[in-house]
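Working notes, beginning with the structure itself.
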Amino acid sequence: MVQEFKVQGFDEFLSKVTELDKQNKVILCMFCGDKDASGNSWCPDCVVKEPVVRKALGDVPNAENVAFVYCSVGGREYWKDRSNQFRTDKNLKLTGVPTLMIWGRPNEKLVEDQIKADVISILFDQD
Amino acid sequence: MPPTQNTAVLVENYIKENVVMVFSKTTCPFCAKVKALFSSLQVPFQVFEVDQVANTAEIQEELFKISGLKTVPNVYVNGQHIGGCDATLKAHNEGRLLPMIQSQPTQTYDYDLVVIGGGSGGLAASKQAAGYGKKVAVLDFVKPTPKGTSWGLGGTCVNVGCIPKKLMHQASLLGKAVKEAKAFGWGVDAETVKLSWEKMVEAVQNYIGSLNWGYRVQLRSKNVTYINSYGTFLDDHTIKAVNRRGKEQQITSDKFIIAVGERPRYPDIPGAKEFCITSDDLFSLSYCPGKTLVIGASYVALECAGFLGGIGLDVTVMVRSIFLRGFDQQIAEKIGAHMEQDGIKFLRRYVPVKIEQLTEGEPGSLKVTGKSTETGSEITEEYNTVILAIGRDSVTKTIGLENAGVAAAKNGKIPVNEFDQTNVLNIFCIGDNAEDKPELTPVAIQAGRLLSNRLFGGSTTKCDYNGVPTTVFTPLEYSCCGLSEESAQEKFGENNLEVYHSAMWPLEWTVPAYDSNTCYIKAITNKLDNEKVVGLHYLGPNAGEVMQGFAAAMKCGLTKSQLDATIGIHPTNAEMFTTLNVTKSSGGSIEQSGC
């Protein structure tokens, strides 16, 4: 079973991945727009892709060594600001939500439409 | 065959399960003729000798029901009735027989298509084929350079070619822009502005990394299997794939595309492989190369020398004979002259003799001995880095072409017909490995996509290899479409050409007071064909952006009068093409002196 963590905002995200990194975990991160009271993200793609990612968690190799960090990046206005930390941090350089990536590989992201059931496993490929 | 089986089913199965099925009689001379034909074509075929079974009449009755033909031979290809001996020979003579036989796999293979080489051409072909629902695999494997440099999926263009070179060219143009900015009123101190090689390389390599990843995601999304292994043919339907860890697998495929590309050539002189680098190493070099010698005068050589000089390094180019072989020589000389003015040194008519290491380091120092091709006298000079750019060779010699029966020229190039097909019918070749074709990424992409459309999409459109525009990203950029002046003279005769030309002073060059007669354009027209433009040349800023649209016009048959009828965009450099009025033959002045 992949261990899951939910974080809100950049600072919480950073402290969580720093902690998990020390435990030598492979950290799968999913960045989504914040959810409202009814539990739906303002970002419609995030709503569609979250269950796709959750389903794929069941097929992750070496699951005991993998941590899944679900990060709510913030409200729509915060996200649209080009200078927000998720977009500018050199370890992230996010270009869109939802984004799925393994922490430490900023050039290897699955963004929006690229998040598909039969593509997600590419994040865990060895070659 | 089992005697209990229903005759109808028996006959149908024979027809269905064999690509080539011949119902025959052992005594029939026409049957022998048909069998001899298939043997000579080296096509596997199944024969049913109907006179060797008890129920001959019954079988012939069944054949009559299916084909309306009771006599033998009775030939079927891929389940389709061909007819008797005459019909089969006729189909063959009209060239219909083999394509019918090859239109479907003769047996089940692991893949419908295996592409060897994941560069621009291979990726385009594989994705296109997968779009038709075909089972496709791409093999890509980069053998590290002698220095140990390696890279990811995407081939030369993305990793060690167009992409990094244009980005580094841009880095050098920006340096120049900072100096120009002063003339435009910016309060920058150009002298203190310095480029960090490490930061430039990191930025460029990060972008390349994201492209490598993007290709892998695309392949996965389109269901193309990516195999990071080195492919070698075992026969015309089988390859051996060996990965980095030496693990080997055999893969069969109905069709193959060879698109393994080229790698830099090393001269056979002492020290070349030990101490020199090539463009394969340069773009990811972890340290600034320092004082650099570039050996060669290819576009790779001049582009590398150009941007290294542009970022402030001491650069020398060793040139054996001419600049930019194959390109318009008048313009090639202008490029060289401009680079020289820009501070790049040239050793013309020199060849390297040996390279010796003086000190190790990053960079270390090397002693280069060169020899004059005219006097034979030797010179020596010390450099930090020596870049070899004397040409590139197809890496087709170690992929088992001989096992598949694929013919290749001595230099590794593979001859192909107009359908990009090698001499082996199920093996194709695109990109830099195809003989006598332009070695350019967009050409490979176009060829690859169209090839897959023909193989799997029922298309008949062939790749048009003529009128391909291109750009050389030297400090002063050069773009062209169509023929060089030399090729045009050879093709149409000098007297049948009218060459219009002009010097050009870009508006943005006026304020920094750059030379007014360095940039140059030329249109070569054929007088015998309504002054159709057969070659267009542009030496100036943003050359690639200028030429692309004119290339489309040339595809439509652009003539000089149409060029004249076109209204320019002012103030641009490209507008100069619409006002060309001085011919070379007139000897008129083309000098520019302002508006």
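Chain labels follow the order of the structure tokens: the first chain is A, the next B, and so on; residue numbering restarts at 1 in every chain, and ligands are counted from 1 in their shown order.
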Please check the contacts: residues of chain A at most 12 Å away from chain B, using only C-alpha atoms, listed as an NGL selection string. :A and (90-91 or 93 or 101 or 105-111 or 113-123 or 125-127)
Range 25-65 of chain A: which residues are strand (DSSP E) by DSSP, as JSON, numbers by chain? {"A": [26, 27, 28, 29, 30, 31, 32]}
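With CA of Ala129 in chain B on one side and CA of Ser452 in chain B on the other, the separation reads 5.2 Å.
Among the candidates B:Ala404, B:Ala444, B:Ile269, B:Leu366, the one nearest to Pro352 in chain B when counting only C-alpha atoms is B:Ile269.
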Range 16-30 of chain A environment, 6 Å, only C-alpha atoms, sequence neighbours closer than 3 positions dropped, as an MDAnalysis selection string: chainID A and resid 13 65:71 99:103
Would you save the residues from that selection as an mmCIF file, in the first residue's frame, using N, CA and C atoms?
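Output file part.cif follows:
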```
data_model
loop_
_atom_site.group_PDB
_atom_site.id
_atom_site.type_symbol
_atom_site.label_atom_id
_atom_site.label_comp_id
_atom_site.auth_asym_id
_atom_site.auth_seq_id
_atom_site.Cartn_x
_atom_site.Cartn_y
_atom_site.Cartn_z
ATOM 1 N N PHE A 13 3.920 21.631 1.555
ATOM 2 C CA PHE A 13 4.420 20.658 0.587
ATOM 3 C C PHE A 13 5.923 20.438 0.782
ATOM 4 N N ASN A 65 7.713 1.409 -0.558
ATOM 5 C CA ASN A 65 8.754 2.440 -0.548
ATOM 6 C C ASN A 65 8.286 3.751 -1.200
ATOM 7 N N VAL A 66 7.003 3.773 -1.589
ATOM 8 C CA VAL A 66 6.492 4.946 -2.295
ATOM 9 C C VAL A 66 5.529 5.729 -1.402
ATOM 10 N N ALA A 67 5.704 7.049 -1.411
ATOM 11 C CA ALA A 67 4.755 7.905 -0.702
ATOM 12 C C ALA A 67 4.005 8.745 -1.732
ATOM 13 N N PHE A 68 2.707 8.916 -1.512
ATOM 14 C CA PHE A 68 1.912 9.741 -2.418
ATOM 15 C C PHE A 68 1.546 11.025 -1.696
ATOM 16 N N VAL A 69 1.990 12.135 -2.251
ATOM 17 C CA VAL A 69 1.668 13.425 -1.650
ATOM 18 C C VAL A 69 0.661 14.140 -2.542
ATOM 19 N N TYR A 70 -0.539 14.327 -1.997
ATOM 20 C CA TYR A 70 -1.572 15.065 -2.722
ATOM 21 C C TYR A 70 -1.506 16.507 -2.244
ATOM 22 N N CYS A 71 -1.131 17.382 -3.164
ATOM 23 C CA CYS A 71 -0.924 18.781 -2.761
ATOM 24 C C CYS A 71 -1.966 19.700 -3.384
ATOM 25 N N THR A 99 -0.804 18.184 -12.095
ATOM 26 C CA THR A 99 0.496 17.655 -12.506
ATOM 27 C C THR A 99 0.824 16.462 -11.620
ATOM 28 N N LEU A 100 1.370 15.441 -12.242
ATOM 29 C CA LEU A 100 1.812 14.249 -11.514
ATOM 30 C C LEU A 100 3.297 14.098 -11.784
ATOM 31 N N MET A 101 4.085 13.977 -10.737
ATOM 32 C CA MET A 101 5.537 13.823 -10.936
ATOM 33 C C MET A 101 6.173 13.169 -9.735
ATOM 34 N N ILE A 102 7.354 12.671 -9.929
ATOM 35 C CA ILE A 102 8.116 12.158 -8.798
ATOM 36 C C ILE A 102 9.078 13.247 -8.346
ATOM 37 N N TRP A 103 9.071 13.519 -7.058
ATOM 38 C CA TRP A 103 9.916 14.576 -6.485
ATOM 39 C C TRP A 103 11.376 14.327 -6.860
#
```
Applying 12 Å and only C-alpha atoms, which residues near Pro44 in chain A remain after dropping the ones on its own chain fewer than 4 positions away? List them as a ChimeraX atom specification. /A:32-35,40,48-50,76,97-98,112-113
Restricting the output to N, CA and C atoms, write the selected residues as a compact mmCIF listing (two decimals), in the first residue's frame.
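Okay, selection-v3.txt is ready:
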```txt
# COMPACT_ATOMS: atom_id res chain seq x y z
N CYS A 32 -2.98 19.71 -7.38
CA CYS A 32 -4.33 20.01 -7.86
C CYS A 32 -4.79 21.36 -7.31
N GLY A 33 -5.82 21.89 -7.95
CA GLY A 33 -6.44 23.10 -7.42
C GLY A 33 -7.21 22.76 -6.15
N ASP A 34 -7.30 23.75 -5.24
CA ASP A 34 -8.00 23.53 -3.96
C ASP A 34 -9.44 23.06 -4.18
N LYS A 35 -9.92 22.29 -3.19
CA LYS A 35 -11.31 21.83 -3.25
C LYS A 35 -12.21 22.77 -2.45
N ASN A 40 -15.08 19.38 -4.26
CA ASN A 40 -14.68 19.42 -5.66
C ASN A 40 -13.67 20.53 -5.92
N VAL A 48 -11.40 15.24 -12.74
CA VAL A 48 -11.41 14.06 -13.61
C VAL A 48 -10.21 13.15 -13.33
N LYS A 49 -9.03 13.77 -13.11
CA LYS A 49 -7.80 12.97 -13.06
C LYS A 49 -7.52 12.35 -11.69
N GLU A 50 -8.07 12.93 -10.62
CA GLU A 50 -7.75 12.38 -9.30
C GLU A 50 -8.11 10.89 -9.17
N ARG A 76 -7.89 29.50 -7.31
CA ARG A 76 -7.67 29.78 -8.72
C ARG A 76 -6.81 31.02 -8.93
N VAL A 97 -2.12 22.48 -13.67
CA VAL A 97 -2.70 21.50 -12.75
C VAL A 97 -3.81 20.77 -13.50
N PRO A 98 -3.98 19.49 -13.27
CA PRO A 98 -3.17 18.67 -12.38
C PRO A 98 -1.81 18.32 -13.00
N GLU A 112 -1.90 17.47 -16.94
CA GLU A 112 -3.25 17.49 -17.50
C GLU A 112 -3.56 16.24 -18.33
N ASP A 113 -3.71 16.40 -19.65
CA ASP A 113 -4.13 15.28 -20.51
C ASP A 113 -3.15 14.11 -20.53
```
Determine, counting only C-alpha atoms, which protein, DNA and RNA residues have an atom within 12 Å of an atom of Val242 in chain B; residues of the same chain fewer than 4 positions away are not included. Present the result as number ranges by chain. B: 139-143, 227-233, 246-251, 399
If you keep C-alpha atoms, can you produce a file of those selected residues as a tab-separated table (two decimals), in the first residue's frame?
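result16.tsv, written as the output of this step:
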```tsv
chain	number	residue	atom	x	y	z
B	139	LEU	CA	14.51	0.94	-30.55
B	140	ASP	CA	16.78	3.74	-29.48
B	141	PHE	CA	20.23	3.36	-28.04
B	142	VAL	CA	22.97	5.96	-27.82
B	143	LYS	CA	26.49	4.59	-27.77
B	227	ILE	CA	12.92	-0.24	-26.16
B	228	ASN	CA	16.14	1.37	-24.95
B	229	SER	CA	18.31	-1.24	-26.69
B	230	TYR	CA	20.73	-1.52	-29.57
B	231	GLY	CA	19.11	-3.29	-32.52
B	232	THR	CA	20.95	-5.60	-34.91
B	233	PHE	CA	19.29	-7.50	-37.76
B	246	GLY	CA	23.81	-6.59	-21.91
B	247	LYS	CA	20.39	-8.22	-21.70
B	248	GLU	CA	19.35	-9.53	-25.08
B	249	GLN	CA	15.96	-10.14	-26.66
B	250	GLN	CA	14.86	-11.18	-30.12
B	251	ILE	CA	12.07	-9.28	-31.78
B	399	ILE	CA	23.34	-3.11	-37.27
```
Excluding Val386 in chain B and residues on its chain fewer than 4 positions from it, collect all residues at most 6 Å away from it, counting only C-alpha atoms, and give them as a ChimeraX atom specification. /B:276,292-294
Kindly export the residues of the current selection with all heavy atoms, as a PDB file, in the first residue's frame.
```
ATOM      1  N   CYS B 276      40.161  14.996 -28.259  1.00  0.00           N
ATOM      2  CA  CYS B 276      39.253  15.958 -28.881  1.00  0.00           C
ATOM      3  C   CYS B 276      37.808  15.662 -28.494  1.00  0.00           C
ATOM      4  O   CYS B 276      37.475  14.550 -28.098  1.00  0.00           O
ATOM      5  CB  CYS B 276      39.368  15.911 -30.402  1.00  0.00           C
ATOM      6  SG  CYS B 276      41.024  16.314 -30.975  1.00  0.00           S
ATOM      7  N   THR B 292      39.536  27.680 -28.041  1.00  0.00           N
ATOM      8  CA  THR B 292      39.065  26.498 -28.769  1.00  0.00           C
ATOM      9  C   THR B 292      39.490  26.507 -30.228  1.00  0.00           C
ATOM     10  O   THR B 292      39.442  27.546 -30.893  1.00  0.00           O
ATOM     11  CB  THR B 292      37.513  26.448 -28.709  1.00  0.00           C
ATOM     12  OG1 THR B 292      37.104  26.363 -27.344  1.00  0.00           O
ATOM     13  CG2 THR B 292      36.972  25.231 -29.456  1.00  0.00           C
ATOM     14  N   LEU B 293      39.882  25.332 -30.700  1.00  0.00           N
ATOM     15  CA  LEU B 293      40.105  25.133 -32.135  1.00  0.00           C
ATOM     16  C   LEU B 293      38.977  24.251 -32.660  1.00  0.00           C
ATOM     17  O   LEU B 293      38.707  23.184 -32.115  1.00  0.00           O
ATOM     18  CB  LEU B 293      41.440  24.428 -32.396  1.00  0.00           C
ATOM     19  CG  LEU B 293      41.693  24.050 -33.865  1.00  0.00           C
ATOM     20  CD1 LEU B 293      41.939  25.296 -34.722  1.00  0.00           C
ATOM     21  CD2 LEU B 293      42.866  23.088 -33.998  1.00  0.00           C
ATOM     22  N   VAL B 294      38.316  24.730 -33.703  1.00  0.00           N
ATOM     23  CA  VAL B 294      37.304  23.910 -34.369  1.00  0.00           C
ATOM     24  C   VAL B 294      37.914  23.431 -35.680  1.00  0.00           C
ATOM     25  O   VAL B 294      38.404  24.238 -36.474  1.00  0.00           O
ATOM     26  CB  VAL B 294      36.027  24.725 -34.656  1.00  0.00           C
ATOM     27  CG1 VAL B 294      34.995  23.861 -35.380  1.00  0.00           C
ATOM     28  CG2 VAL B 294      35.440  25.278 -33.366  1.00  0.00           C
TER      29      VAL B 294
END
```
Would you list the contacts of Val201 in chain B as a PyMOL selection string, taking every protein, DNA or RNA residue within 9 Å and counting only C-alpha atoms, but skipping same-chain residues closer than 3 positions in sequence? chain B and resi 164+168+196-198+204-206+283-287
